[in-house]
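Student: Contents are compact mmCIF, C-alpha atoms and all ligand atoms; file name upload_10.txt:
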```
# COMPACT_ATOMS: atom_id res chain seq x y z
CA MET S 1 0.00 0.00 0.00
CA LYS S 2 1.10 3.61 -0.68
CA ASN S 3 2.76 5.31 2.31
CA LYS S 4 3.30 1.91 3.95
CA GLY S 5 4.48 2.21 7.54
CA ILE S 6 3.28 5.81 7.81
CA LYS S 7 1.47 6.86 10.96
CA TYR S 8 -1.54 8.84 9.82
CA LYS S 9 -2.29 11.84 12.00
CA GLY S 10 -4.82 13.79 9.94
CA ILE S 11 -8.00 13.00 8.03
CA ILE S 12 -9.27 15.49 5.45
CA PHE S 13 -12.90 15.14 4.40
CA ASP S 14 -14.56 16.44 1.29
CA LEU S 15 -18.08 17.64 2.17
CA ASP S 16 -20.59 17.18 -0.67
CA GLY S 17 -21.18 13.45 -1.18
CA VAL S 18 -18.87 12.40 1.69
CA ILE S 19 -20.28 13.94 4.88
CA THR S 20 -23.78 14.54 3.50
CA ASP S 21 -25.65 13.93 0.28
CA THR S 22 -25.54 17.50 -1.04
CA ALA S 23 -24.00 16.10 -4.24
CA GLU S 24 -27.61 15.17 -5.06
CA TYR S 25 -28.81 18.74 -4.44
CA HIS S 26 -26.04 20.13 -6.67
CA TYR S 27 -27.24 17.72 -9.37
CA LEU S 28 -30.90 18.67 -8.95
CA ALA S 29 -30.12 22.40 -9.05
CA TRP S 30 -27.99 22.03 -12.21
CA LYS S 31 -30.66 19.81 -13.78
CA LYS S 32 -33.32 22.49 -13.18
CA LEU S 33 -31.12 25.12 -14.83
CA ALA S 34 -30.16 22.85 -17.75
CA ASP S 35 -33.82 21.98 -18.38
CA GLU S 36 -34.70 25.69 -18.43
CA LEU S 37 -31.93 26.24 -21.00
CA ASN S 38 -33.02 23.19 -23.00
CA ILE S 39 -29.59 21.66 -22.61
CA TYR S 40 -29.17 17.91 -22.21
CA PHE S 41 -27.83 16.99 -18.77
CA ASP S 42 -27.89 13.67 -16.95
CA ARG S 43 -26.34 11.91 -13.94
CA LYS S 44 -23.46 10.57 -16.05
CA ILE S 45 -22.41 14.11 -17.07
CA ASN S 46 -22.96 15.15 -13.45
CA GLU S 47 -20.20 12.76 -12.28
CA ASN S 48 -17.70 15.11 -14.00
CA LEU S 49 -19.06 18.10 -12.07
CA LYS S 50 -18.37 16.63 -8.65
CA GLY S 51 -15.63 18.55 -6.86
CA VAL S 52 -15.57 21.15 -9.64
CA SER S 53 -16.25 24.86 -8.97
CA ARG S 54 -19.59 26.50 -9.82
CA LEU S 55 -18.43 28.34 -12.94
CA GLU S 56 -16.37 25.43 -14.25
CA SER S 57 -19.41 23.18 -13.74
CA LEU S 58 -21.53 25.59 -15.78
CA GLU S 59 -18.96 25.52 -18.60
CA ILE S 60 -19.15 21.71 -18.71
CA ILE S 61 -22.96 21.84 -18.90
CA LEU S 62 -22.98 24.51 -21.62
CA LYS S 63 -20.76 22.31 -23.84
CA ASN S 64 -23.81 20.13 -24.49
CA GLY S 65 -25.81 23.05 -25.89
CA ASP S 66 -25.25 25.30 -28.87
CA LYS S 67 -26.00 28.64 -27.20
CA VAL S 68 -23.20 31.13 -26.59
CA PHE S 69 -23.31 33.22 -23.41
CA SER S 70 -21.34 36.28 -22.35
CA ASP S 71 -19.37 36.24 -19.08
CA GLU S 72 -22.10 38.36 -17.50
CA GLU S 73 -24.78 35.90 -18.58
CA LYS S 74 -22.69 32.99 -17.28
CA HIS S 75 -22.43 34.65 -13.87
CA TYR S 76 -26.19 35.21 -13.92
CA LEU S 77 -26.78 31.51 -14.73
CA ALA S 78 -24.34 30.34 -12.04
CA ASP S 79 -26.08 32.61 -9.50
CA LYS S 80 -29.44 31.19 -10.56
CA LYS S 81 -28.21 27.63 -9.95
CA ASN S 82 -26.85 28.74 -6.60
CA ASP S 83 -30.24 30.20 -5.65
CA TYR S 84 -31.88 26.83 -6.42
CA TYR S 85 -29.18 25.08 -4.41
CA LYS S 86 -29.46 27.45 -1.42
CA GLU S 87 -33.20 26.85 -1.31
CA MET S 88 -32.56 23.06 -1.18
CA ILE S 89 -29.93 23.17 1.57
CA LYS S 90 -32.19 25.24 3.85
CA LYS S 91 -33.92 22.02 4.88
CA ILE S 92 -30.72 20.20 5.88
CA THR S 93 -30.62 18.99 9.50
CA PRO S 94 -28.21 16.79 11.53
CA GLN S 95 -30.28 13.81 10.33
CA ASP S 96 -28.76 14.36 6.90
CA ILE S 97 -25.27 13.41 8.05
CA LEU S 98 -24.43 10.23 6.11
CA PRO S 99 -24.36 6.94 8.08
CA GLY S 100 -21.16 6.31 10.04
CA VAL S 101 -19.78 9.85 9.71
CA CYS S 102 -20.58 10.97 13.29
CA ASP S 103 -19.17 7.75 14.72
CA LEU S 104 -16.04 8.16 12.64
CA ILE S 105 -15.56 11.79 13.73
CA ASN S 106 -16.01 10.87 17.41
CA ASN S 107 -13.58 7.95 17.15
CA LEU S 108 -10.97 10.09 15.41
CA LYS S 109 -11.25 12.75 18.14
CA GLU S 110 -10.81 10.11 20.85
CA ARG S 111 -7.62 9.01 19.10
CA GLU S 112 -6.46 12.64 18.82
CA ILE S 113 -6.39 12.49 15.03
CA LYS S 114 -6.81 15.98 13.51
CA ILE S 115 -9.74 16.40 11.15
CA ALA S 116 -10.41 18.97 8.44
CA VAL S 117 -12.89 19.74 5.68
CA ALA S 118 -11.64 20.54 2.16
CA SER S 119 -14.56 21.62 -0.01
CA VAL S 120 -14.47 24.15 -2.85
CA SER S 121 -18.13 24.95 -2.12
CA LYS S 122 -18.81 28.54 -1.08
CA ASN S 123 -21.84 27.08 0.74
CA ALA S 124 -19.76 24.65 2.83
CA LYS S 125 -20.07 26.55 6.12
CA THR S 126 -23.86 26.89 5.77
CA VAL S 127 -24.16 23.15 5.10
CA LEU S 128 -21.89 22.26 8.05
CA ASP S 129 -23.84 24.65 10.27
CA ASN S 130 -27.18 23.07 9.28
CA LEU S 131 -25.69 19.63 9.95
CA GLY S 132 -24.59 20.81 13.41
CA LEU S 133 -20.95 20.07 12.51
CA LEU S 134 -19.48 23.55 12.25
CA ASP S 135 -17.50 23.17 15.49
CA SER S 136 -16.60 19.51 15.01
CA PHE S 137 -13.53 20.01 12.83
CA ASP S 138 -10.08 21.29 13.72
CA TYR S 139 -9.94 23.22 10.43
CA ILE S 140 -12.28 24.10 7.57
CA VAL S 141 -10.68 25.36 4.37
CA ASP S 142 -11.98 28.77 3.28
CA ALA S 143 -12.90 28.15 -0.38
CA GLU S 144 -12.63 31.89 -1.08
CA LYS S 145 -8.87 31.68 -0.42
CA ILE S 146 -8.19 28.76 -2.78
CA LYS S 147 -6.81 29.88 -6.17
CA ASN S 148 -6.74 26.51 -7.92
CA GLY S 149 -9.65 24.11 -7.51
CA LYS S 150 -9.49 20.30 -7.57
CA PRO S 151 -7.75 18.42 -9.26
CA ASP S 152 -5.04 20.86 -8.15
CA PRO S 153 -3.73 19.68 -4.76
CA GLU S 154 -3.85 23.23 -3.27
CA ILE S 155 -7.02 22.74 -1.20
CA PHE S 156 -5.75 19.52 0.42
CA LEU S 157 -2.31 21.02 1.08
CA ASN S 158 -4.05 24.03 2.67
CA ALA S 159 -6.06 21.66 4.88
CA ALA S 160 -2.93 19.73 5.93
CA ASP S 161 -1.28 23.04 6.80
CA GLY S 162 -4.39 24.06 8.75
CA ILE S 163 -4.22 20.97 10.96
CA LYS S 164 -0.40 21.10 11.06
CA VAL S 165 0.09 17.58 9.75
CA GLU S 166 2.53 16.72 6.96
CA PRO S 167 0.68 15.79 3.73
CA CYS S 168 2.22 12.29 3.70
CA CYS S 169 0.61 11.68 7.14
CA CYS S 170 -2.87 12.65 5.92
CA ILE S 171 -5.70 10.60 4.48
CA GLY S 172 -8.11 12.39 2.13
CA ILE S 173 -11.68 11.18 1.59
CA GLU S 174 -13.50 12.11 -1.62
CA ASP S 175 -16.40 11.14 -3.88
CA SER S 176 -15.14 12.94 -6.99
CA LYS S 177 -12.62 12.13 -9.71
CA ALA S 178 -11.09 15.62 -9.46
CA GLY S 179 -10.87 15.26 -5.67
CA ILE S 180 -9.09 11.90 -5.77
CA GLU S 181 -6.57 13.33 -8.23
CA ALA S 182 -6.04 16.31 -5.91
CA ILE S 183 -5.41 14.02 -2.91
CA ASN S 184 -3.01 11.83 -4.90
CA ARG S 185 -1.11 14.87 -6.17
CA ALA S 186 -0.90 16.17 -2.58
CA GLY S 187 0.96 12.96 -1.66
CA MET S 188 -1.76 11.77 0.71
CA LEU S 189 -3.49 8.40 0.94
CA SER S 190 -6.73 8.65 -1.03
CA VAL S 191 -9.99 7.03 -0.04
CA GLY S 192 -12.79 7.11 -2.62
CA VAL S 193 -16.43 6.72 -1.66
CA GLY S 194 -19.52 6.44 -3.85
CA ASN S 195 -19.47 5.55 -7.54
CA PRO S 196 -16.45 3.18 -7.92
CA GLU S 197 -15.84 4.23 -11.54
CA THR S 198 -15.67 7.90 -10.56
CA VAL S 199 -13.11 7.22 -7.80
CA GLU S 200 -11.21 4.44 -9.58
CA GLU S 201 -7.87 6.25 -9.07
CA ALA S 202 -8.21 6.12 -5.27
CA ASP S 203 -5.80 4.03 -3.17
CA ILE S 204 -8.76 2.59 -1.28
CA ILE S 205 -12.34 2.42 -2.61
CA LEU S 206 -15.30 2.16 -0.21
CA LYS S 207 -19.04 2.13 -0.89
CA ASP S 208 -19.55 4.71 1.87
CA LEU S 209 -18.37 5.54 5.40
CA SER S 210 -21.06 3.49 7.15
CA ASN S 211 -18.38 1.29 8.72
CA PRO S 212 -16.00 3.67 10.58
CA SER S 213 -13.46 0.86 11.10
CA ASP S 214 -12.74 0.94 7.34
CA ILE S 215 -10.93 4.22 8.06
CA LEU S 216 -9.89 3.57 11.68
CA ASN S 217 -8.04 0.40 10.60
CA LEU S 218 -5.78 2.52 8.39
CA ILE S 219 -4.52 4.54 11.34
C1 LIG L 1 -18.25 20.95 -4.46
C2 LIG L 1 -19.25 20.13 -5.22
C3 LIG L 1 -19.46 20.68 -6.62
C4 LIG L 1 -19.78 22.17 -6.55
C5 LIG L 1 -18.66 22.90 -5.85
C6 LIG L 1 -18.94 24.40 -5.71
O1 LIG L 1 -16.99 20.67 -4.94
O2 LIG L 1 -18.81 18.78 -5.33
O3 LIG L 1 -20.52 19.98 -7.21
O4 LIG L 1 -19.95 22.70 -7.86
O5 LIG L 1 -18.50 22.35 -4.55
O6 LIG L 1 -20.02 24.57 -4.87
P1 LIG L 1 -20.77 25.95 -4.64
O7 LIG L 1 -21.69 25.66 -3.47
O8 LIG L 1 -19.73 26.97 -4.31
O9 LIG L 1 -21.51 26.24 -5.89
MG MG L 2 -17.75 15.77 -3.16
```
Is it possible to give me this structure as structure tokens?
Tutor:
Amino acid sequence: MKNKGIKYKGIIFDLDGVITDTAEYHYLAWKKLADELNIYFDRKINENLKGVSRLESLEIILKNGDKVFSDEEKHYLADKKNDYYKEMIKKITPQDILPGVCDLINNLKEREIKIAVASVSKNAKTVLDNLGLLDSFDYIVDAEKIKNGKPDPEIFLNAADGIKVEPCCCIGIEDSKAGIEAINRAGMLSVGVGNPETVEEADIILKDLSNPSDILNLI
């Protein structure tokens, strides 16, 4: 296994699709916008949007249509999607934390493993707040301060720095292709959850985090 013999001291979580199922809300909000624009969009295309910033996601969607939009119009469309998304995440409660995640967090804290969130979502803090998890992490990356989104390793390196753990002693958990590439490029151990094809480049592939010992056994 990569990083064999390493003592892992930090776990860096992606948010959407790892801690809670907001990946589904991102999909539904994009689908609503794409339908309004009469542009074909499905779950398969959506897999490529996971972990990708709002404007980059819009660009991917627009490739399937023949309309040309100005930068101003693109910002308007991205804001519109974000309005749909913000409406959806209003109803999030702690019950929306995915199975096993709370147990895993508690176990990691007991073992004094540092934990961070690395999401490029500008809505990450609202989602964490609604989940009741805002104070549960040692560090939450501020997406506004990240210049290069996933698959660039910047966000994971920023998280490692935030928890003061060397990248090689960190494990990153992701549900997106771009995210797994970012973790691998950061020199961390990558754990992929969700669609196995999407996370095929991960060092370890799990269906989900419902069994905390899948992660605890790596430490
Ligand atoms: C995460 C999600 C993406 C989303 C991005 C930006 O990476 O996986 O689907 O596009 O965040 O989210 P935002 O809430 O800022 O639009
Ligand atoms: Mg994700």
Student: Distance limit 8 Å, reference ligand MG 2 (chain L), atoms considered: all atoms listed in the file. Which residues make the cut? Give them as a PDB file with C-alpha atoms, in the frame of the given file.
Tutor:
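Full text of selection_39.pdb as output:
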```pdb
ATOM      1  CA  ASP S  14     -14.560  16.440   1.290  1.00  0.00           C
ATOM      2  CA  LEU S  15     -18.080  17.640   2.170  1.00  0.00           C
ATOM      3  CA  ASP S  16     -20.590  17.180  -0.670  1.00  0.00           C
ATOM      4  CA  GLY S  17     -21.180  13.450  -1.180  1.00  0.00           C
ATOM      5  CA  VAL S  18     -18.870  12.400   1.690  1.00  0.00           C
ATOM      6  CA  ALA S  23     -24.000  16.100  -4.240  1.00  0.00           C
ATOM      7  CA  LYS S  50     -18.370  16.630  -8.650  1.00  0.00           C
ATOM      8  CA  GLY S  51     -15.630  18.550  -6.860  1.00  0.00           C
ATOM      9  CA  SER S 119     -14.560  21.620  -0.010  1.00  0.00           C
ATOM     10  CA  GLU S 174     -13.500  12.110  -1.620  1.00  0.00           C
ATOM     11  CA  ASP S 175     -16.400  11.140  -3.880  1.00  0.00           C
ATOM     12  CA  SER S 176     -15.140  12.940  -6.990  1.00  0.00           C
ATOM     13  CA  GLY S 179     -10.870  15.260  -5.670  1.00  0.00           C
TER      14      GLY S 179
END
```
Student: Which residue gives the smallest distance to S:Glu112 among S:Pro212, S:Glu181, S:Ile146, S:Ile163, with only C-alpha atoms counted?
Tutor: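 Ranked by minimum distance to S:Glu112, first place goes to S:Ile163.
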Student: Set the distance at 12 Å and use all atoms listed in the file: which residues neighbour stretch 63-67 of chain S once local chain neighbours fewer than 6 positions away are removed? I'd like the list as an NGL selection string.
Tutor: :S and (34-42 or 45 or 56-57 or 73-74)
Student: Return as JSON the centre and edge lengths, in Å with one decimal, of the box along x, y and z that encloses every atom of ligand LIG 1 (chain L) in the file, padded by 4 Å per side.
Tutor:
```
{"center_x": -19.3, "center_y": 22.9, "center_z": -5.7, "size_x": 12.7, "size_y": 16.2, "size_z": 12.4}
```
Student: Kindly compile the residues surrounding ligand LIG 1 (chain L) within 10 Å, counting only C-alpha atoms and all ligand atoms, and format them as a PyMOL selection string.
Tutor: chain S and resi 14-18+22-27+29-30+46-58+78-79+81-83+85-86+89+118-127+143-144+149-150+174-176+178-179
Student: Nearest to S:Val101: which of S:Glu200, S:Ser136, S:Lys9, S:Asn184 is it, counting only C-alpha atoms?
Tutor: S:Ser136
Student: Writing all heavy atoms and nothing else, produce stretch 52-68 of chain S as a short mmCIF file (atom, residue, chain, number, x, y, z; two decimals), in the first residue's frame.
Tutor:
```
data_model
loop_
_atom_site.label_atom_id
_atom_site.label_comp_id
_atom_site.auth_asym_id
_atom_site.auth_seq_id
_atom_site.Cartn_x
_atom_site.Cartn_y
_atom_site.Cartn_z
N VAL S 52 -15.95 20.08 -8.71
CA VAL S 52 -15.57 21.15 -9.64
C VAL S 52 -16.32 22.44 -9.27
O VAL S 52 -17.49 22.40 -8.89
CB VAL S 52 -15.91 20.69 -11.09
CG1 VAL S 52 -15.72 21.80 -12.09
CG2 VAL S 52 -15.08 19.46 -11.46
N SER S 53 -15.65 23.59 -9.40
CA SER S 53 -16.25 24.86 -8.97
C SER S 53 -17.52 25.19 -9.76
O SER S 53 -17.77 24.63 -10.83
CB SER S 53 -15.25 26.00 -9.13
OG SER S 53 -15.18 26.36 -10.50
N ARG S 54 -18.28 26.14 -9.23
CA ARG S 54 -19.59 26.50 -9.82
C ARG S 54 -19.45 26.92 -11.29
O ARG S 54 -20.16 26.40 -12.16
CB ARG S 54 -20.20 27.62 -8.99
CG ARG S 54 -21.70 27.74 -9.14
CD ARG S 54 -22.23 28.86 -8.26
NE ARG S 54 -21.86 28.68 -6.87
CZ ARG S 54 -21.85 29.66 -5.97
NH1 ARG S 54 -22.19 30.88 -6.32
NH2 ARG S 54 -21.50 29.42 -4.70
N LEU S 55 -18.54 27.84 -11.56
CA LEU S 55 -18.43 28.34 -12.94
C LEU S 55 -17.87 27.30 -13.90
O LEU S 55 -18.32 27.19 -15.04
CB LEU S 55 -17.57 29.61 -12.98
CG LEU S 55 -18.33 30.92 -12.70
CD1 LEU S 55 -17.36 32.08 -12.58
CD2 LEU S 55 -19.37 31.24 -13.79
N GLU S 56 -16.91 26.50 -13.40
CA GLU S 56 -16.37 25.43 -14.25
C GLU S 56 -17.46 24.39 -14.54
O GLU S 56 -17.52 23.83 -15.63
CB GLU S 56 -15.19 24.74 -13.56
CG GLU S 56 -13.91 25.55 -13.60
CD GLU S 56 -12.82 24.89 -12.78
OE1 GLU S 56 -12.91 24.94 -11.54
OE2 GLU S 56 -11.91 24.31 -13.37
N SER S 57 -18.30 24.13 -13.55
CA SER S 57 -19.41 23.18 -13.74
C SER S 57 -20.34 23.69 -14.84
O SER S 57 -20.76 22.94 -15.71
CB SER S 57 -20.21 23.00 -12.45
OG SER S 57 -19.40 22.48 -11.43
N LEU S 58 -20.64 25.00 -14.78
CA LEU S 58 -21.53 25.59 -15.78
C LEU S 58 -20.93 25.42 -17.18
O LEU S 58 -21.64 25.06 -18.13
CB LEU S 58 -21.76 27.08 -15.47
CG LEU S 58 -22.62 27.83 -16.49
CD1 LEU S 58 -24.06 27.33 -16.46
CD2 LEU S 58 -22.59 29.34 -16.24
N GLU S 59 -19.62 25.66 -17.29
CA GLU S 59 -18.96 25.52 -18.60
C GLU S 59 -19.14 24.11 -19.15
O GLU S 59 -19.40 23.92 -20.34
CB GLU S 59 -17.46 25.83 -18.50
CG GLU S 59 -17.11 27.26 -18.12
CD GLU S 59 -17.34 28.28 -19.25
OE1 GLU S 59 -17.79 27.90 -20.33
OE2 GLU S 59 -17.07 29.48 -18.99
N ILE S 60 -19.01 23.11 -18.27
CA ILE S 60 -19.15 21.71 -18.71
C ILE S 60 -20.58 21.47 -19.22
O ILE S 60 -20.80 20.85 -20.26
CB ILE S 60 -18.79 20.73 -17.56
CG1 ILE S 60 -17.30 20.86 -17.21
CG2 ILE S 60 -19.13 19.28 -17.94
CD1 ILE S 60 -16.84 20.11 -15.98
N ILE S 61 -21.56 22.02 -18.50
CA ILE S 61 -22.96 21.84 -18.90
C ILE S 61 -23.23 22.53 -20.24
O ILE S 61 -23.87 21.96 -21.13
CB ILE S 61 -23.90 22.40 -17.79
CG1 ILE S 61 -23.84 21.47 -16.58
CG2 ILE S 61 -25.35 22.53 -18.30
CD1 ILE S 61 -24.54 21.99 -15.35
N LEU S 62 -22.71 23.73 -20.40
CA LEU S 62 -22.98 24.51 -21.62
C LEU S 62 -22.40 23.86 -22.87
O LEU S 62 -22.87 24.10 -23.98
CB LEU S 62 -22.46 25.94 -21.47
CG LEU S 62 -23.16 26.81 -20.41
CD1 LEU S 62 -22.58 28.22 -20.39
CD2 LEU S 62 -24.67 26.87 -20.63
N LYS S 63 -21.37 23.00 -22.69
CA LYS S 63 -20.76 22.31 -23.84
C LYS S 63 -21.77 21.44 -24.57
O LYS S 63 -21.60 21.14 -25.75
CB LYS S 63 -19.60 21.43 -23.35
CG LYS S 63 -18.30 22.15 -23.24
CD LYS S 63 -17.17 21.17 -22.99
CE LYS S 63 -15.98 21.91 -22.40
NZ LYS S 63 -15.20 21.06 -21.49
N ASN S 64 -22.80 21.00 -23.87
CA ASN S 64 -23.81 20.13 -24.49
C ASN S 64 -24.91 20.91 -25.20
O ASN S 64 -25.86 20.31 -25.71
CB ASN S 64 -24.42 19.18 -23.45
CG ASN S 64 -23.41 18.15 -23.02
OD1 ASN S 64 -22.89 17.41 -23.84
ND2 ASN S 64 -23.06 18.16 -21.75
N GLY S 65 -24.83 22.23 -25.18
CA GLY S 65 -25.81 23.05 -25.89
C GLY S 65 -25.12 23.83 -26.99
O GLY S 65 -23.89 23.79 -27.11
N ASP S 66 -25.90 24.54 -27.79
CA ASP S 66 -25.25 25.30 -28.87
C ASP S 66 -25.34 26.81 -28.63
O ASP S 66 -24.94 27.61 -29.48
CB ASP S 66 -25.83 24.91 -30.24
CG ASP S 66 -27.34 24.83 -30.24
OD1 ASP S 66 -27.95 25.46 -29.33
OD2 ASP S 66 -27.90 24.15 -31.11
N LYS S 67 -25.87 27.20 -27.47
CA LYS S 67 -26.00 28.64 -27.20
C LYS S 67 -24.67 29.21 -26.70
O LYS S 67 -23.91 28.52 -26.03
CB LYS S 67 -27.06 28.89 -26.13
CG LYS S 67 -28.45 28.41 -26.54
CD LYS S 67 -29.48 28.87 -25.51
CE LYS S 67 -30.81 28.21 -25.75
NZ LYS S 67 -30.95 26.87 -25.14
N VAL S 68 -24.42 30.45 -27.06
CA VAL S 68 -23.20 31.13 -26.59
C VAL S 68 -23.63 32.22 -25.59
O VAL S 68 -24.56 32.97 -25.84
CB VAL S 68 -22.43 31.76 -27.78
CG1 VAL S 68 -21.22 32.53 -27.29
CG2 VAL S 68 -22.02 30.68 -28.77
#
```
